[in-house]
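Raw model-v6.cif, mmCIF, C-alpha atoms and all ligand atoms:
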```cif
data_structure
loop_
_atom_site.group_PDB
_atom_site.id
_atom_site.type_symbol
_atom_site.label_atom_id
_atom_site.label_comp_id
_atom_site.auth_asym_id
_atom_site.auth_seq_id
_atom_site.Cartn_x
_atom_site.Cartn_y
_atom_site.Cartn_z
ATOM 1 C CA MET Q 1 0.000 0.000 0.000
ATOM 2 C CA PRO Q 2 1.514 3.382 -1.012
ATOM 3 C CA LYS Q 3 2.649 5.512 1.839
ATOM 4 C CA HIS Q 4 1.154 8.975 1.962
ATOM 5 C CA ASN Q 5 4.220 10.947 2.821
ATOM 6 C CA GLU Q 6 6.484 13.445 1.101
ATOM 7 C CA GLU Q 7 8.709 10.791 -0.528
ATOM 8 C CA ASN Q 8 5.766 9.429 -2.486
ATOM 9 C CA ALA Q 9 5.602 10.934 -6.002
ATOM 10 C CA THR Q 10 1.833 11.127 -5.973
ATOM 11 C CA TYR Q 11 1.569 12.482 -2.463
ATOM 12 C CA LEU Q 12 -0.659 15.441 -1.960
ATOM 13 C CA GLN Q 13 1.625 18.400 -1.460
ATOM 14 C CA LYS Q 14 -0.116 20.994 0.615
ATOM 15 C CA PHE Q 15 -0.061 24.721 -0.014
ATOM 16 C CA THR Q 16 -1.918 27.272 2.004
ATOM 17 C CA VAL Q 17 -3.195 30.386 0.273
ATOM 18 C CA ALA Q 18 -4.708 33.234 2.281
ATOM 19 C CA VAL Q 19 -7.089 35.573 0.454
ATOM 20 C CA PHE Q 20 -7.361 39.135 1.760
ATOM 21 C CA GLY Q 21 -9.173 42.247 0.609
ATOM 22 C CA ASP Q 22 -11.772 44.747 1.713
ATOM 23 C CA SER Q 23 -15.228 43.485 2.654
ATOM 24 C CA GLY Q 24 -17.434 43.051 -0.420
ATOM 25 C CA VAL Q 25 -14.698 43.075 -3.075
ATOM 26 C CA GLY Q 26 -15.587 39.499 -4.070
ATOM 27 C CA LYS Q 27 -13.098 37.261 -2.227
ATOM 28 C CA THR Q 28 -15.668 34.576 -1.440
ATOM 29 C CA SER Q 29 -17.015 34.769 -5.015
ATOM 30 C CA VAL Q 30 -13.553 34.303 -6.552
ATOM 31 C CA ILE Q 31 -12.865 31.332 -4.265
ATOM 32 C CA SER Q 32 -16.310 29.844 -5.001
ATOM 33 C CA ARG Q 33 -15.519 30.005 -8.710
ATOM 34 C CA LEU Q 34 -12.250 28.168 -8.111
ATOM 35 C CA VAL Q 35 -13.578 25.469 -5.798
ATOM 36 C CA GLY Q 36 -16.796 25.034 -7.760
ATOM 37 C CA THR Q 37 -19.395 26.209 -5.294
ATOM 38 C CA ALA Q 38 -22.281 28.368 -6.465
ATOM 39 C CA PHE Q 39 -21.783 32.093 -7.094
ATOM 40 C CA ASN Q 40 -23.883 34.032 -4.604
ATOM 41 C CA VAL Q 41 -25.452 37.299 -5.707
ATOM 42 C CA GLU Q 42 -25.852 38.306 -2.070
ATOM 43 C CA HIS Q 43 -23.001 39.557 0.068
ATOM 44 C CA LEU Q 44 -22.823 37.334 3.137
ATOM 45 C CA PRO Q 45 -19.963 38.707 5.264
ATOM 46 C CA THR Q 46 -17.394 36.014 6.027
ATOM 47 C CA VAL Q 47 -15.689 35.707 9.408
ATOM 48 C CA GLU Q 48 -13.243 33.077 8.227
ATOM 49 C CA ASP Q 49 -13.752 30.046 5.998
ATOM 50 C CA PHE Q 50 -11.505 27.304 4.874
ATOM 51 C CA HIS Q 51 -11.698 25.552 1.472
ATOM 52 C CA VAL Q 52 -9.766 22.703 -0.062
ATOM 53 C CA LYS Q 53 -9.089 22.249 -3.768
ATOM 54 C CA HIS Q 54 -7.059 19.447 -5.318
ATOM 55 C CA LEU Q 55 -4.969 20.322 -8.350
ATOM 56 C CA ALA Q 56 -2.755 18.166 -10.547
ATOM 57 C CA TYR Q 57 0.668 19.706 -11.123
ATOM 58 C CA LYS Q 58 3.784 18.042 -12.589
ATOM 59 C CA ASN Q 59 2.588 14.498 -11.882
ATOM 60 C CA LYS Q 60 1.700 15.396 -8.366
ATOM 61 C CA THR Q 61 -1.553 16.203 -6.742
ATOM 62 C CA CYS Q 62 -1.463 19.389 -4.750
ATOM 63 C CA GLU Q 63 -3.868 20.189 -2.045
ATOM 64 C CA LEU Q 64 -4.619 23.871 -2.026
ATOM 65 C CA GLN Q 65 -5.890 25.015 1.326
ATOM 66 C CA ILE Q 66 -7.598 28.336 0.868
ATOM 67 C CA ILE Q 67 -8.314 30.684 3.742
ATOM 68 C CA ASP Q 68 -11.205 33.018 2.965
ATOM 69 C CA THR Q 69 -10.714 35.848 5.426
ATOM 70 C CA SER Q 70 -13.059 38.477 6.751
ATOM 71 C CA GLY Q 71 -12.629 41.737 4.846
ATOM 72 C CA THR Q 72 -13.140 43.877 7.914
ATOM 73 C CA TYR Q 73 -10.055 45.526 9.320
ATOM 74 C CA GLU Q 74 -11.029 44.627 12.859
ATOM 75 C CA PHE Q 75 -9.003 41.467 13.342
ATOM 76 C CA PRO Q 76 -5.306 42.391 12.901
ATOM 77 C CA ALA Q 77 -4.118 39.514 15.108
ATOM 78 C CA MET Q 78 -6.129 36.983 13.112
ATOM 79 C CA ARG Q 79 -4.803 38.438 9.857
ATOM 80 C CA ARG Q 80 -1.271 38.207 11.099
ATOM 81 C CA VAL Q 81 -1.704 34.518 11.998
ATOM 82 C CA ASP Q 82 -3.166 33.814 8.533
ATOM 83 C CA MET Q 83 -0.327 35.707 6.836
ATOM 84 C CA GLU Q 84 2.255 33.772 8.775
ATOM 85 C CA LYS Q 85 0.804 30.361 8.038
ATOM 86 C CA ALA Q 86 0.137 31.041 4.337
ATOM 87 C CA ASP Q 87 2.630 29.898 1.688
ATOM 88 C CA SER Q 88 1.270 32.573 -0.625
ATOM 89 C CA VAL Q 89 -1.181 35.432 -0.448
ATOM 90 C CA VAL Q 90 -3.907 36.614 -2.807
ATOM 91 C CA LEU Q 91 -5.065 40.236 -2.460
ATOM 92 C CA VAL Q 92 -8.382 41.207 -4.036
ATOM 93 C CA TYR Q 93 -9.730 44.675 -4.779
ATOM 94 C CA SER Q 94 -12.819 45.742 -6.627
ATOM 95 C CA MET Q 95 -12.595 47.895 -9.751
ATOM 96 C CA ASP Q 96 -15.635 49.944 -8.761
ATOM 97 C CA ARG Q 97 -14.135 50.879 -5.364
ATOM 98 C CA PRO Q 98 -10.836 52.815 -5.437
ATOM 99 C CA GLU Q 99 -10.541 52.669 -1.646
ATOM 100 C CA SER Q 100 -10.367 48.880 -1.849
ATOM 101 C CA PHE Q 101 -7.185 49.312 -3.927
ATOM 102 C CA THR Q 102 -5.717 51.712 -1.356
ATOM 103 C CA LYS Q 103 -6.219 48.921 1.214
ATOM 104 C CA ILE Q 104 -3.942 46.684 -0.844
ATOM 105 C CA GLU Q 105 -0.983 48.854 0.185
ATOM 106 C CA ARG Q 106 -1.807 48.286 3.857
ATOM 107 C CA TYR Q 107 -2.023 44.558 3.300
ATOM 108 C CA MET Q 108 1.325 44.669 1.482
ATOM 109 C CA ASP Q 109 2.912 46.436 4.468
ATOM 110 C CA GLU Q 110 1.559 43.763 6.800
ATOM 111 C CA ILE Q 111 2.799 40.981 4.522
ATOM 112 C CA HIS Q 112 6.279 42.545 4.503
ATOM 113 C CA GLU Q 113 6.231 42.662 8.300
ATOM 114 C CA ALA Q 114 5.123 39.017 8.520
ATOM 115 C CA ASN Q 115 7.781 38.073 5.954
ATOM 116 C CA ASN Q 116 10.487 39.890 7.900
ATOM 117 C CA ALA Q 117 9.448 38.216 11.141
ATOM 118 C CA ALA Q 118 9.453 34.771 9.532
ATOM 119 C CA GLN Q 119 12.395 35.469 7.177
ATOM 120 C CA SER Q 120 10.220 34.336 4.300
ATOM 121 C CA ASP Q 121 9.303 35.785 0.925
ATOM 122 C CA LYS Q 122 5.766 34.711 0.102
ATOM 123 C CA PRO Q 123 4.495 35.227 -3.425
ATOM 124 C CA VAL Q 124 1.647 37.746 -3.608
ATOM 125 C CA VAL Q 125 -0.955 37.869 -6.376
ATOM 126 C CA VAL Q 126 -3.271 40.866 -6.757
ATOM 127 C CA ILE Q 127 -6.685 40.292 -8.353
ATOM 128 C CA SER Q 128 -8.738 43.143 -9.853
ATOM 129 C CA ASN Q 129 -12.291 41.959 -9.442
ATOM 130 C CA LYS Q 130 -15.609 43.257 -10.806
ATOM 131 C CA SER Q 131 -14.166 44.308 -14.140
ATOM 132 C CA ASP Q 132 -17.778 44.472 -15.376
ATOM 133 C CA LEU Q 133 -18.199 47.498 -13.053
ATOM 134 C CA SER Q 134 -14.921 49.249 -13.905
ATOM 135 C CA HIS Q 135 -16.857 52.045 -15.664
ATOM 136 C CA LEU Q 136 -18.099 53.118 -12.195
ATOM 137 C CA SER Q 137 -14.646 54.079 -10.908
ATOM 138 C CA GLN Q 138 -13.093 57.488 -11.368
ATOM 139 C CA PRO Q 139 -10.367 57.895 -14.038
ATOM 140 C CA GLN Q 140 -7.841 59.129 -11.438
ATOM 141 C CA PHE Q 141 -8.049 55.682 -9.850
ATOM 142 C CA VAL Q 142 -5.904 54.423 -12.716
ATOM 143 C CA ASP Q 143 -3.776 57.583 -12.976
ATOM 144 C CA GLN Q 144 -2.878 57.582 -9.270
ATOM 145 C CA ARG Q 145 -1.294 54.173 -9.534
ATOM 146 C CA ALA Q 146 0.496 54.701 -12.856
HETATM 147 N N1 LIG F 1 -20.828 42.874 -10.559
HETATM 148 C C1 LIG F 1 -20.067 41.985 -9.935
HETATM 149 N N2 LIG F 1 -20.380 41.590 -8.700
HETATM 150 C C2 LIG F 1 -19.582 40.683 -8.088
HETATM 151 C C3 LIG F 1 -18.443 40.136 -8.724
HETATM 152 N N3 LIG F 1 -17.853 39.288 -7.850
HETATM 153 C C4 LIG F 1 -18.611 39.313 -6.734
HETATM 154 N N4 LIG F 1 -19.661 40.140 -6.860
HETATM 155 C C5 LIG F 1 -20.706 40.462 -5.866
HETATM 156 O O1 LIG F 1 -20.102 41.265 -4.841
HETATM 157 C C6 LIG F 1 -20.726 41.019 -3.590
HETATM 158 C C7 LIG F 1 -19.675 40.681 -2.552
HETATM 159 O O2 LIG F 1 -19.065 39.441 -2.910
HETATM 160 P P1 LIG F 1 -18.360 38.509 -1.828
HETATM 161 O O3 LIG F 1 -17.693 37.429 -2.594
HETATM 162 O O4 LIG F 1 -19.316 38.104 -0.758
HETATM 163 O O5 LIG F 1 -17.289 39.535 -1.218
HETATM 164 P P2 LIG F 1 -16.249 39.342 -0.009
HETATM 165 O O6 LIG F 1 -16.783 40.102 1.156
HETATM 166 O O7 LIG F 1 -14.970 39.967 -0.498
HETATM 167 O O8 LIG F 1 -16.113 37.876 0.241
HETATM 168 C C8 LIG F 1 -21.754 39.895 -3.822
HETATM 169 O O9 LIG F 1 -23.009 40.515 -3.996
HETATM 170 C C9 LIG F 1 -21.268 39.237 -5.125
HETATM 171 O O10 LIG F 1 -22.349 38.647 -5.829
HETATM 172 C C10 LIG F 1 -18.116 40.572 -10.057
HETATM 173 O O11 LIG F 1 -17.116 40.170 -10.692
HETATM 174 N N5 LIG F 1 -18.972 41.510 -10.595
HETATM 175 MG MG MG F 2 -16.524 36.808 2.020
#
```
Would you encode the structure as structure tokens?
Ligand SMILES: Nc1nc2c(ncn2[C@@H]2O[C@H](COP(=O)(O)OP(=O)(O)O)[C@@H](O)[C@H]2O)c(=O)[nH]1
Ligand SMILES: [Mg+2]
Amino acid sequence: MPKHNEENATYLQKFTVAVFGDSGVGKTSVISRLVGTAFNVEHLPTVEDFHVKHLAYKNKTCELQIIDTSGTYEFPAMRRVDMEKADSVVLVYSMDRPESFTKIERYMDEIHEANNAAQSDKPVVVISNKSDLSHLSQPQFVDQRA
């Protein structure tokens, strides 16, 4: 019987991804799309959820553990724990809400702090969500970041 440990070529390698972003930007929706659960047209604020997705990569099966965080800025200690345990971080902002992009900078600062503390260098991916509503944002939103 094959042993399920790291020496086994088909072992499930585990990666933890933490998803952060302002409340309502669409974090849960993006994750639902990835893990195959239904898209919800309502915004149900998340405290913290955990999802698992299996992916095949280079002859191995990876287990992606996805932490869907609360978008409120009230839980810095919880965020810090999630940042420290994540192998990589996804930051989401919404194209109709410039302030949700400004928040990305604060998350980046916190990630740098967590990285420095842990002497790590986690990859960070930024997702622009709600591109169908991009016409609602002000032009300077783009100019400010150029
Ligand atoms: N128009 C539009 N609405 C979206 C999109 N993605 C998510 N939403 C809606 O945005 C709201 C907040 O989404 P949710 O995933 O709960 O946000 P979260 O708080 O970041 O987890 C919900 O009403 C979703 O249906 C998108 O790409 N376009
Ligand atoms: Mg959510």
When the PyMOL selection byres (((not hetatm)) within 7 of (chain F and resi 1)) is applied to the file above, which residues end up in the set, as a ChimeraX atom specification? /Q:21-30,39-46,70-71,129-133
Go through the shown structure with the PyMOL selection byres (((chain Q and resi 82) around 10) and not hetatm) and write out the matching residues as a list in words. Thr16, Val17, Ala18, Val19, Phe20, Ile67, Asp68, Thr69, Pro76, Ala77, Met78, Arg79, Arg80, Val81, Met83, Glu84, Lys85, Ala86, Asp87, Val89 and Ala114 of chain Q
Selected residue of minimal separation from Tyr57 of chain Q among Q:Ser137, Q:Ser128, Q:Ser32, Q:Gln13, counting all atoms listed in the file: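 Going through Q:Ser137, Q:Ser128, Q:Ser32, Q:Gln13 one by one, the smallest distance to Tyr57 of chain Q is for Q:Gln13.
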Rank nothing, just name the residue among Q:Gln65, Q:Lys14, Q:Val92, Q:Val35 nearest to ligand MG 2 (chain F), using all atoms listed in the file.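 The answer is Q:Val92, which sits nearest to ligand MG 2 (chain F).
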Using the chain letters and residue numbers of this document, give as a PyMOL selection string the residues selected by the PyMOL selection byres (((chain Q and resi 125) around 8) and not hetatm). chain Q and resi 89-91+123-124+126-127
So, with only C-alpha atoms and all ligand atoms as the atoms that count, which of Q:Cys62, Q:Val47, Q:Ala117, Q:Ala38 lies closest to ligand MG 2 (chain F)?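 Counting only C-alpha atoms and all ligand atoms, the residue closest to ligand MG 2 (chain F) is Q:Val47.
Atom CA of Leu34 of chain Q is positioned 14.0 Å from atom CA of Ala56 of chain Q.
Interatomic distance, atom CA of Phe75 of chain Q to atom CA of His54 of chain Q: 28.9 Å.
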Between Q:Ser120, Q:Met108, Q:Leu12, Q:Ile31, single out the one closest to ligand MG 2 (chain F), counting only C-alpha atoms and all ligand atoms.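 Of the candidates, the smallest distance to ligand MG 2 (chain F) is held by Q:Ile31.
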Using all atoms of segment 38-45 of chain Q listed in the file and a margin of 5 Å per side, can you give the axis-aligned box centre and edge lengths in Å to one decimal, as AutoDock Vina command-line options?
```
--center_x -22.9 --center_y 34.0 --center_z -0.9 --size_x 15.9 --size_y 21.2 --size_z 22.4
```
Mind rebuilding segment 51-84 of chain Q with N, CA and C atoms and writing that out as a JSON list (two decimals), keeping the file's coordinate frame?
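Once written, out_12.json looks like this:
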```
[["chain", "number", "residue", "atom", "x", "y", "z"],
["Q", 51, "HIS", "N", -11.30, 26.39, 2.60],
["Q", 51, "HIS", "CA", -11.70, 25.55, 1.47],
["Q", 51, "HIS", "C", -10.52, 24.71, 1.03],
["Q", 52, "VAL", "N", -10.83, 23.57, 0.44],
["Q", 52, "VAL", "CA", -9.77, 22.70, -0.06],
["Q", 52, "VAL", "C", -10.03, 22.42, -1.53],
["Q", 53, "LYS", "N", -8.98, 22.54, -2.34],
["Q", 53, "LYS", "CA", -9.09, 22.25, -3.77],
["Q", 53, "LYS", "C", -7.89, 21.39, -4.16],
["Q", 54, "HIS", "N", -8.16, 20.30, -4.86],
["Q", 54, "HIS", "CA", -7.06, 19.45, -5.32],
["Q", 54, "HIS", "C", -6.71, 19.79, -6.76],
["Q", 55, "LEU", "N", -5.43, 19.96, -7.01],
["Q", 55, "LEU", "CA", -4.97, 20.32, -8.35],
["Q", 55, "LEU", "C", -3.86, 19.38, -8.77],
["Q", 56, "ALA", "N", -3.86, 18.99, -10.05],
["Q", 56, "ALA", "CA", -2.76, 18.17, -10.55],
["Q", 56, "ALA", "C", -1.68, 19.10, -11.07],
["Q", 57, "TYR", "N", -0.44, 18.87, -10.65],
["Q", 57, "TYR", "CA", 0.67, 19.71, -11.12],
["Q", 57, "TYR", "C", 1.93, 18.86, -11.20],
["Q", 58, "LYS", "N", 2.54, 18.79, -12.38],
["Q", 58, "LYS", "CA", 3.78, 18.04, -12.59],
["Q", 58, "LYS", "C", 3.72, 16.65, -11.96],
["Q", 59, "ASN", "N", 2.73, 15.87, -12.36],
["Q", 59, "ASN", "CA", 2.59, 14.50, -11.88],
["Q", 59, "ASN", "C", 2.27, 14.37, -10.40],
["Q", 60, "LYS", "N", 2.03, 15.48, -9.78],
["Q", 60, "LYS", "CA", 1.70, 15.40, -8.37],
["Q", 60, "LYS", "C", 0.33, 16.01, -8.14],
["Q", 61, "THR", "N", -0.29, 15.57, -7.11],
["Q", 61, "THR", "CA", -1.55, 16.20, -6.74],
["Q", 61, "THR", "C", -1.27, 17.15, -5.60],
["Q", 62, "CYS", "N", -1.67, 18.39, -5.80],
["Q", 62, "CYS", "CA", -1.46, 19.39, -4.75],
["Q", 62, "CYS", "C", -2.78, 19.64, -4.05],
["Q", 63, "GLU", "N", -2.67, 19.80, -2.79],
["Q", 63, "GLU", "CA", -3.87, 20.19, -2.04],
["Q", 63, "GLU", "C", -3.73, 21.66, -1.70],
["Q", 64, "LEU", "N", -4.62, 22.44, -2.28],
["Q", 64, "LEU", "CA", -4.62, 23.87, -2.03],
["Q", 64, "LEU", "C", -5.57, 24.15, -0.87],
["Q", 65, "GLN", "N", -5.03, 24.67, 0.19],
["Q", 65, "GLN", "CA", -5.89, 25.02, 1.33],
["Q", 65, "GLN", "C", -6.09, 26.52, 1.28],
["Q", 66, "ILE", "N", -7.32, 26.92, 1.10],
["Q", 66, "ILE", "CA", -7.60, 28.34, 0.87],
["Q", 66, "ILE", "C", -8.29, 28.94, 2.08],
["Q", 67, "ILE", "N", -7.69, 30.00, 2.60],
["Q", 67, "ILE", "CA", -8.31, 30.68, 3.74],
["Q", 67, "ILE", "C", -9.05, 31.91, 3.21],
["Q", 68, "ASP", "N", -10.36, 31.89, 3.38],
["Q", 68, "ASP", "CA", -11.20, 33.02, 2.96],
["Q", 68, "ASP", "C", -11.40, 33.89, 4.20],
["Q", 69, "THR", "N", -10.73, 35.03, 4.21],
["Q", 69, "THR", "CA", -10.71, 35.85, 5.43],
["Q", 69, "THR", "C", -11.88, 36.83, 5.45],
["Q", 70, "SER", "N", -12.09, 37.40, 6.62],
["Q", 70, "SER", "CA", -13.06, 38.48, 6.75],
["Q", 70, "SER", "C", -12.43, 39.72, 6.13],
["Q", 71, "GLY", "N", -13.21, 40.53, 5.44],
["Q", 71, "GLY", "CA", -12.63, 41.74, 4.85],
["Q", 71, "GLY", "C", -12.60, 42.91, 5.81],
["Q", 72, "THR", "N", -13.14, 42.74, 7.02],
["Q", 72, "THR", "CA", -13.14, 43.88, 7.91],
["Q", 72, "THR", "C", -11.74, 44.03, 8.49],
["Q", 73, "TYR", "N", -11.41, 45.25, 8.86],
["Q", 73, "TYR", "CA", -10.06, 45.53, 9.32],
["Q", 73, "TYR", "C", -9.96, 45.37, 10.83],
["Q", 74, "GLU", "N", -10.93, 44.65, 11.40],
["Q", 74, "GLU", "CA", -11.03, 44.63, 12.86],
["Q", 74, "GLU", "C", -10.19, 43.54, 13.52],
["Q", 75, "PHE", "N", -9.67, 42.62, 12.73],
["Q", 75, "PHE", "CA", -9.00, 41.47, 13.34],
["Q", 75, "PHE", "C", -7.53, 41.39, 12.96],
["Q", 76, "PRO", "N", -6.71, 42.41, 13.33],
["Q", 76, "PRO", "CA", -5.31, 42.39, 12.90],
["Q", 76, "PRO", "C", -4.55, 41.16, 13.38],
["Q", 77, "ALA", "N", -4.86, 40.67, 14.58],
["Q", 77, "ALA", "CA", -4.12, 39.51, 15.11],
["Q", 77, "ALA", "C", -4.43, 38.27, 14.28],
["Q", 78, "MET", "N", -5.70, 38.13, 13.92],
["Q", 78, "MET", "CA", -6.13, 36.98, 13.11],
["Q", 78, "MET", "C", -5.47, 37.03, 11.72],
["Q", 79, "ARG", "N", -5.41, 38.26, 11.18],
["Q", 79, "ARG", "CA", -4.80, 38.44, 9.86],
["Q", 79, "ARG", "C", -3.33, 38.05, 9.88],
["Q", 80, "ARG", "N", -2.70, 38.48, 10.94],
["Q", 80, "ARG", "CA", -1.27, 38.21, 11.10],
["Q", 80, "ARG", "C", -1.02, 36.69, 11.15],
["Q", 81, "VAL", "N", -1.85, 35.98, 11.90],
["Q", 81, "VAL", "CA", -1.70, 34.52, 12.00],
["Q", 81, "VAL", "C", -1.88, 33.90, 10.61],
["Q", 82, "ASP", "N", -2.91, 34.35, 9.88],
["Q", 82, "ASP", "CA", -3.17, 33.81, 8.53],
["Q", 82, "ASP", "C", -1.99, 34.11, 7.60],
["Q", 83, "MET", "N", -1.45, 35.34, 7.70],
["Q", 83, "MET", "CA", -0.33, 35.71, 6.84],
["Q", 83, "MET", "C", 0.88, 34.84, 7.13],
["Q", 84, "GLU", "N", 1.08, 34.56, 8.41],
["Q", 84, "GLU", "CA", 2.26, 33.77, 8.78],
["Q", 84, "GLU", "C", 2.12, 32.33, 8.33]]
```
